[in-house]
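Below is coords34.cif, which holds mmCIF, C-alpha atoms.
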data_entry
#
loop_
_atom_site.label_atom_id
_atom_site.label_comp_id
_atom_site.auth_asym_id
_atom_site.auth_seq_id
_atom_site.Cartn_x
_atom_site.Cartn_y
_atom_site.Cartn_z
CA MET E 1 12.40 20.29 33.00
CA LYS E 2 11.85 16.59 33.71
CA ARG E 3 8.56 16.74 31.86
CA THR E 4 10.24 18.30 28.82
CA LYS E 5 12.90 15.57 28.76
CA PHE E 6 10.23 12.91 29.07
CA LEU E 7 8.32 14.35 26.12
CA LEU E 8 11.47 14.57 24.00
CA ILE E 9 12.41 10.95 24.77
CA THR E 10 8.86 9.81 23.99
CA VAL E 11 8.85 11.61 20.62
CA LEU E 12 12.28 10.13 19.80
CA LEU E 13 11.12 6.59 20.62
CA ILE E 14 8.01 7.02 18.48
CA ALA E 15 10.12 8.31 15.60
CA MET E 16 12.52 5.36 15.95
CA TYR E 17 9.59 2.91 15.97
CA ASN E 18 8.13 4.48 12.83
CA LEU E 19 11.49 4.29 11.11
CA SER E 20 11.91 0.65 12.12
CA ILE E 21 8.82 -0.40 10.16
CA ALA E 22 9.33 1.90 7.16
CA GLU E 23 10.41 -0.94 4.88
CA PHE E 24 7.73 -1.54 2.23
CA ASP E 25 5.63 1.17 3.84
CA THR E 26 2.17 2.05 2.52
CA ILE E 27 2.41 2.68 -1.22
CA ALA E 28 1.45 6.17 -2.35
CA GLY E 29 0.44 5.46 -5.96
CA GLY E 30 -1.05 8.27 -8.04
CA ALA E 31 -1.49 11.97 -7.37
CA ARG E 32 -5.11 11.62 -6.24
CA PRO E 33 -4.61 9.35 -3.19
CA THR E 34 -1.33 11.11 -2.40
CA GLY E 35 -3.13 14.45 -2.32
CA MET E 36 -5.64 12.95 0.11
CA GLY E 37 -2.88 11.93 2.50
CA LYS E 38 -3.31 8.29 1.42
CA ALA E 39 -6.78 8.21 3.05
CA PHE E 40 -8.22 6.37 0.06
CA THR E 41 -9.38 2.91 1.12
CA SER E 42 -13.10 3.83 1.15
CA ILE E 43 -13.06 5.69 -2.20
CA VAL E 44 -10.89 3.42 -4.41
CA ASP E 45 -12.75 4.14 -7.64
CA ASP E 46 -9.73 4.15 -9.96
CA THR E 47 -6.76 1.88 -10.68
CA ASN E 48 -5.06 2.91 -7.41
CA ALA E 49 -7.46 0.45 -5.75
CA VAL E 50 -4.84 -2.21 -6.50
CA PHE E 51 -2.54 -0.51 -3.97
CA TYR E 52 -5.11 0.59 -1.36
CA ASN E 53 -8.09 -1.77 -1.31
CA PRO E 54 -8.50 -4.61 -3.85
CA ALA E 55 -12.29 -4.63 -3.34
CA GLY E 56 -12.41 -1.26 -5.09
CA ILE E 57 -11.41 -2.60 -8.51
CA LEU E 58 -15.04 -3.70 -8.89
CA GLN E 59 -16.05 -0.03 -9.09
CA LEU E 60 -14.42 0.47 -12.50
CA ASP E 61 -16.82 0.01 -15.41
CA LYS E 62 -14.12 -0.53 -18.04
CA GLY E 63 -10.44 -1.39 -18.34
CA ARG E 64 -8.12 1.40 -17.26
CA PHE E 65 -4.36 1.94 -17.07
CA GLU E 66 -2.36 4.47 -15.06
CA SER E 67 1.35 5.11 -14.52
CA GLY E 68 3.53 7.74 -12.93
CA TYR E 69 6.99 8.83 -11.81
CA THR E 70 7.92 10.98 -8.81
CA ARG E 71 11.27 12.51 -7.88
CA LEU E 72 11.47 12.69 -4.08
CA LEU E 73 13.31 15.21 -1.88
CA THR E 74 14.91 17.07 -4.77
CA GLY E 75 17.94 19.29 -4.16
CA LEU E 76 19.68 17.16 -1.52
CA THR E 77 23.23 18.45 -0.98
CA ASP E 78 24.76 14.97 -1.38
CA GLY E 79 23.12 14.56 -4.78
CA SER E 80 20.96 11.58 -3.75
CA ASP E 81 18.38 10.56 -6.34
CA LEU E 82 15.26 9.25 -4.57
CA ASN E 83 12.34 8.33 -6.80
CA ASN E 84 9.36 6.04 -7.15
CA ARG E 85 7.48 4.67 -10.13
CA TYR E 86 4.19 2.89 -10.44
CA LEU E 87 1.81 1.44 -12.99
CA SER E 88 -1.59 -0.15 -12.51
CA TYR E 89 -4.21 -1.77 -14.72
CA VAL E 90 -7.73 -2.93 -13.88
CA THR E 91 -10.16 -4.85 -16.07
CA PRO E 92 -13.75 -5.82 -15.17
CA MET E 93 -14.92 -9.33 -16.07
CA ALA E 94 -18.72 -9.01 -15.78
CA LYS E 95 -20.11 -11.68 -13.44
CA LEU E 96 -16.63 -13.11 -12.89
CA GLY E 97 -15.63 -10.02 -10.90
CA ALA E 98 -12.57 -7.91 -11.71
CA MET E 99 -8.80 -8.34 -12.01
CA GLY E 100 -6.07 -5.83 -11.27
CA PHE E 101 -2.33 -5.67 -11.85
CA GLY E 102 0.24 -3.27 -10.45
CA LEU E 103 3.93 -2.51 -10.03
CA TYR E 104 5.50 -0.10 -7.57
CA THR E 105 9.21 0.66 -7.14
CA PHE E 106 11.10 2.86 -4.70
CA ASN E 107 14.71 3.59 -5.60
CA LEU E 108 17.74 5.32 -4.09
CA ALA E 109 19.86 5.37 -7.22
CA GLY E 110 23.07 3.41 -6.85
CA TYR E 111 22.26 2.05 -3.39
CA TYR E 112 18.85 0.50 -2.75
CA THR E 113 15.64 -0.57 -4.54
CA GLU E 114 12.27 -1.90 -3.38
CA SER E 115 9.76 -3.31 -5.87
CA VAL E 116 6.30 -4.77 -5.40
CA TRP E 117 4.23 -6.66 -7.99
CA TYR E 118 0.47 -6.82 -7.37
CA LEU E 119 -2.14 -9.30 -8.57
CA SER E 120 -5.67 -8.50 -7.35
CA TYR E 121 -9.06 -10.13 -7.67
CA ALA E 122 -12.43 -8.87 -6.41
CA GLN E 123 -16.03 -10.11 -6.37
CA HIS E 124 -19.43 -9.09 -4.99
CA LEU E 125 -20.42 -11.05 -1.89
CA ASP E 126 -24.11 -10.04 -1.87
CA GLU E 127 -25.37 -13.15 -3.62
CA TYR E 128 -23.70 -15.32 -0.98
CA ILE E 129 -25.02 -13.33 2.00
CA THR E 130 -28.12 -11.34 1.09
CA ALA E 131 -29.94 -10.16 -2.03
CA VAL E 132 -31.70 -7.27 -0.30
CA PHE E 133 -28.95 -4.76 -1.19
CA PRO E 134 -27.40 -5.97 -4.45
CA ASN E 135 -23.86 -4.93 -5.47
CA ARG E 136 -23.13 -3.22 -2.16
CA LEU E 137 -20.74 -5.62 -0.42
CA LEU E 138 -17.42 -5.95 -2.27
CA ALA E 139 -14.43 -8.08 -1.30
CA GLY E 140 -10.98 -8.44 -2.79
CA VAL E 141 -7.61 -10.10 -2.27
CA THR E 142 -4.15 -9.13 -3.46
CA ILE E 143 -1.03 -11.27 -3.72
CA LYS E 144 2.17 -9.21 -3.63
CA GLN E 145 5.63 -10.27 -4.73
CA LEU E 146 8.17 -8.22 -2.74
CA THR E 147 11.81 -7.66 -3.65
CA LYS E 148 14.48 -5.50 -2.10
CA ARG E 149 18.01 -5.12 -3.47
CA TYR E 150 21.16 -3.42 -2.25
CA ASP E 151 23.75 -2.33 -4.79
CA HIS E 152 27.43 -3.27 -4.52
CA ASP E 153 29.83 -0.66 -3.15
CA ALA E 154 32.90 -0.50 -0.90
CA TYR E 155 30.76 -0.55 2.23
CA THR E 156 28.53 -3.50 1.37
CA LEU E 157 31.49 -5.56 0.10
CA SER E 158 33.08 -5.41 3.56
CA ASP E 159 29.91 -5.69 5.69
CA PRO E 160 29.17 -9.25 6.93
CA LEU E 161 25.44 -8.48 6.68
CA PHE E 162 25.69 -9.04 2.92
CA MET E 163 27.57 -12.35 3.05
CA LYS E 164 24.35 -14.21 2.11
CA GLY E 165 23.56 -11.90 -0.78
CA TYR E 166 22.22 -8.49 -1.71
CA THR E 167 18.62 -9.41 -2.55
CA LYS E 168 15.61 -10.59 -0.57
CA ASP E 169 12.29 -11.82 -1.99
CA GLY E 170 8.98 -12.59 -0.33
CA PHE E 171 5.22 -12.81 -0.79
CA ALA E 172 2.49 -10.96 1.10
CA ILE E 173 -1.30 -11.11 1.10
CA ASP E 174 -3.73 -8.19 1.41
CA ILE E 175 -7.50 -8.46 1.83
CA GLY E 176 -10.07 -5.70 1.56
CA PHE E 177 -13.81 -5.12 1.99
CA LEU E 178 -16.01 -2.25 0.84
CA TYR E 179 -19.65 -1.74 1.78
CA LYS E 180 -21.73 0.91 0.03
CA VAL E 181 -24.54 2.63 1.93
CA MET E 182 -27.19 5.29 1.23
CA GLU E 183 -27.63 4.72 -2.51
CA HIS E 184 -23.90 4.07 -2.95
CA ASN E 185 -22.92 7.67 -2.08
CA ASN E 186 -21.18 6.60 1.12
CA SER E 187 -18.97 3.62 1.85
CA ILE E 188 -17.20 1.84 4.70
CA SER E 189 -13.97 -0.09 4.27
CA LEU E 190 -11.77 -2.58 6.07
CA VAL E 191 -8.32 -3.45 4.73
CA ILE E 192 -5.65 -5.74 6.18
CA LEU E 193 -2.18 -5.55 4.63
CA ASN E 194 0.67 -8.07 4.95
CA LEU E 195 -1.66 -10.63 6.48
CA ASN E 196 0.99 -13.37 6.43
CA GLN E 197 3.80 -11.11 7.75
CA PRO E 198 6.68 -12.14 5.45
CA SER E 199 10.28 -11.78 6.61
CA MET E 200 12.19 -9.37 4.38
CA ASP E 201 15.39 -9.10 6.42
CA LEU E 202 18.61 -10.34 4.80
CA ASN E 203 19.67 -12.38 7.85
CA ASP E 204 17.11 -12.14 10.67
CA SER E 205 14.11 -14.36 9.82
CA SER E 206 12.35 -13.28 13.02
CA SER E 207 12.09 -9.72 11.70
CA LYS E 208 8.79 -9.51 9.82
CA LEU E 209 6.72 -6.88 8.08
CA PRO E 210 3.94 -5.60 10.35
CA VAL E 211 0.27 -6.31 9.76
CA VAL E 212 -1.44 -3.03 8.85
CA ILE E 213 -5.18 -2.63 9.52
CA LYS E 214 -7.16 0.24 8.01
CA LEU E 215 -10.71 1.34 8.72
CA GLY E 216 -12.25 4.01 6.50
CA ILE E 217 -15.46 5.95 5.88
CA ALA E 218 -16.10 7.89 2.67
CA TYR E 219 -18.76 10.51 1.99
CA ARG E 220 -19.48 11.99 -1.43
CA ILE E 221 -21.19 15.26 -2.35
CA ASP E 222 -21.45 15.75 -6.11
CA THR E 223 -17.80 16.08 -7.22
CA VAL E 224 -16.31 16.32 -3.70
CA ASN E 225 -15.04 13.27 -1.78
CA PHE E 226 -14.38 13.09 1.95
CA ASP E 227 -12.52 10.15 3.49
CA PHE E 228 -11.81 9.52 7.16
CA GLU E 229 -9.31 6.77 7.87
CA LEU E 230 -7.79 5.09 10.90
CA GLU E 231 -4.62 3.03 10.36
#

This entry written out as structure tokens:
Amino acid sequence: MKRTKFLLITVLLIAMYNLSIAEFDTIAGGARPTGMGKAFTSIVDDTNAVFYNPAGILQLDKGRFESGYTRLLTGLTDGSDLNNRYLSYVTPMAKLGAMGFGLYTFNLAGYYTESVWYLSYAQHLDEYITAVFPNRLLAGVTIKQLTKRYDHDAYTLSDPLFMKGYTKDGFAIDIGFLYKVMEHNNSISLVILNLNQPSMDLNDSSSKLPVVIKLGIAYRIDTVNFDFELE
């Protein structure tokens, strides 16, 4: 019995910890990375690279645009409308590398909104390190502009938490690396999100977004992709 209680308390604490860092959680993006459980940092061969690993935007051979809308948790008895939207665009610039742009929003209609703007740049590092394996080591950086907003209602008007306002803005930095092996069929990735740990709390400046580190390995067989990821 004591063991069962211990396990239940442990699970509850883990759940509470996960909920405590859910703000600006890992962005899902399009259907492809979502369908892979967001294990995408070593594949990143479409415009979703802006969200997952900026080094991957170098893998696109021409400019591409993608957008989408998702209704979340439909059929809630209280009528809550949870949704997210995204758009992303990547353009290669020959020897100058590649640029990427993105926008992601999460919205609880009438109550709360998170939005993130992305500006990404990527370049090959081979010429600075070694010329033995050209175009295999890719690196990228993303600057994110973060905004969260609470809507006005009877509760927020009377809560002292909102005395300083209903909106919070901040900037975050992501960096990513991608190394291609075995004739570019396989790849290894390292991504660090929220490197500067911005504070996005309305009042508590000591509360900061966590640094997220991702390690990934991708393996490709014809039209099938496998991706193992540790976050």

Near-E:Gly176 list (9 Å; all atoms listed in the file; drop same-chain fewer than 3 positions) as a PyMOL selection string: chain E and resi 41+52-56+122+138-142+189-193

Answer key for the PyMOL selection byres ((chain E and resi 165) around 12), residues as an MDAnalysis selection string: chainID E and resid 148:152 156:157 159:164 166:169 201:203

List the residues selected by the PyMOL selection byres ((chain E and resi 194) around 8) in the file shown, writing them as a CSV table (one decimal) with C-alpha atoms, in the coordinates of the input.
chain,number,residue,atom,x,y,z
E,172,ALA,CA,2.5,-11.0,1.1
E,173,ILE,CA,-1.3,-11.1,1.1
E,174,ASP,CA,-3.7,-8.2,1.4
E,192,ILE,CA,-5.6,-5.7,6.2
E,193,LEU,CA,-2.2,-5.6,4.6
E,195,LEU,CA,-1.7,-10.6,6.5
E,196,ASN,CA,1.0,-13.4,6.4
E,197,GLN,CA,3.8,-11.1,7.8
E,198,PRO,CA,6.7,-12.1,5.4
E,209,LEU,CA,6.7,-6.9,8.1
E,210,PRO,CA,3.9,-5.6,10.4
E,211,VAL,CA,0.3,-6.3,9.8
E,212,VAL,CA,-1.4,-3.0,8.8

Exercise: E:Gly216 partners within 6 Å, only C-alpha atoms, chain neighbours under 3 positions left out, as a list in words: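 Neighbouring residues, sequence-local ones excluded: Ser42, Ile188, Ser189, Phe228 and Glu229 of chain E.
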
Gap from atom CA of E:Gln145 to atom CA of E:Ser67 - Å, one decimal: 18.7 Å

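Within the 8 Å cut-off around stretch 80-88 of chain E, using only C-alpha atoms and omitting residues fewer than 4 positions from it on the same chain, the listed residues are Gly29, Gly30, Thr47, Asn48, Val50, Phe65, Glu66, Ser67, Gly68, Tyr69, Thr70, Arg71, Leu72, Leu73, Thr74, Leu76, Gly100, Phe101, Gly102, Leu103, Tyr104, Thr105, Phe106, Asn107, Leu108 and Ala109 of chain E.
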
Atomic distance atom CA of E:Gln123 - atom CA of E:Asn186, expressed in Å with one decimal: 19.0 Å

Pairwise distance for atom CA of E:Ser199 and atom CA of E:Gly170, rounded to one decimal in Å: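 Taking atom CA of E:Ser199 as the start and atom CA of E:Gly170 as the end point, the length is 7.1 Å.
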
Selected residue of minimal separation from E:Leu178 among E:Leu137, E:Ile57, E:Met200, E:Val224, counting all atoms listed in the file: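 Of E:Leu137, E:Ile57, E:Met200, E:Val224, the one nearest E:Leu178, counting all atoms listed in the file, is E:Leu137.
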
Contacts of E:Val181 within 10 Å, only C-alpha atoms, excl. fewer than 6 positions in-chain, as a PyMOL selection string: chain E and resi 133+136-137+187-188+218-219

Using only C-alpha atoms: which of E:Asp25, E:Asp153, E:Asn225, E:Ile43 has the shortest distance to E:Tyr112: E:Asp153

Translate the PyMOL selection byres ((chain E and resi 93) around 12) into a concrete residue list for this structure, as a compact mmCIF listing (two decimals) with C-alpha atoms, in the frame of the given file.
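What ended up in result-v9.txt:
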# COMPACT_ATOMS: atom_id res chain seq x y z
CA ILE E 57 -11.41 -2.60 -8.51
CA LEU E 58 -15.04 -3.70 -8.89
CA GLN E 59 -16.05 -0.03 -9.09
CA LEU E 60 -14.42 0.47 -12.50
CA ASP E 61 -16.82 0.01 -15.41
CA LYS E 62 -14.12 -0.53 -18.04
CA GLY E 63 -10.44 -1.39 -18.34
CA VAL E 90 -7.73 -2.93 -13.88
CA THR E 91 -10.16 -4.85 -16.07
CA PRO E 92 -13.75 -5.82 -15.17
CA ALA E 94 -18.72 -9.01 -15.78
CA LYS E 95 -20.11 -11.68 -13.44
CA LEU E 96 -16.63 -13.11 -12.89
CA GLY E 97 -15.63 -10.02 -10.90
CA ALA E 98 -12.57 -7.91 -11.71
CA MET E 99 -8.80 -8.34 -12.01
CA GLY E 100 -6.07 -5.83 -11.27
CA TYR E 121 -9.06 -10.13 -7.67
CA ALA E 122 -12.43 -8.87 -6.41
CA GLN E 123 -16.03 -10.11 -6.37
CA HIS E 124 -19.43 -9.09 -4.99

Which of E:Leu119, E:Asp227, E:Asp222, E:Ile143 sits closest to E:Gly35 [using only C-alpha atoms]: E:Asp227

E:Ser205, E:Lys144, E:Ser158, E:Tyr179 ranked by distance to E:Ser120, top pick (using only C-alpha atoms): E:Lys144

Coordinates of box centre and edge lengths for stretch 28-37 of chain E, 5 Å on every side, axis-aligned, as JSON:
{"center_x": -2.1, "center_y": 10.0, "center_z": -2.8, "size_x": 17.1, "size_y": 19.0, "size_z": 20.5}
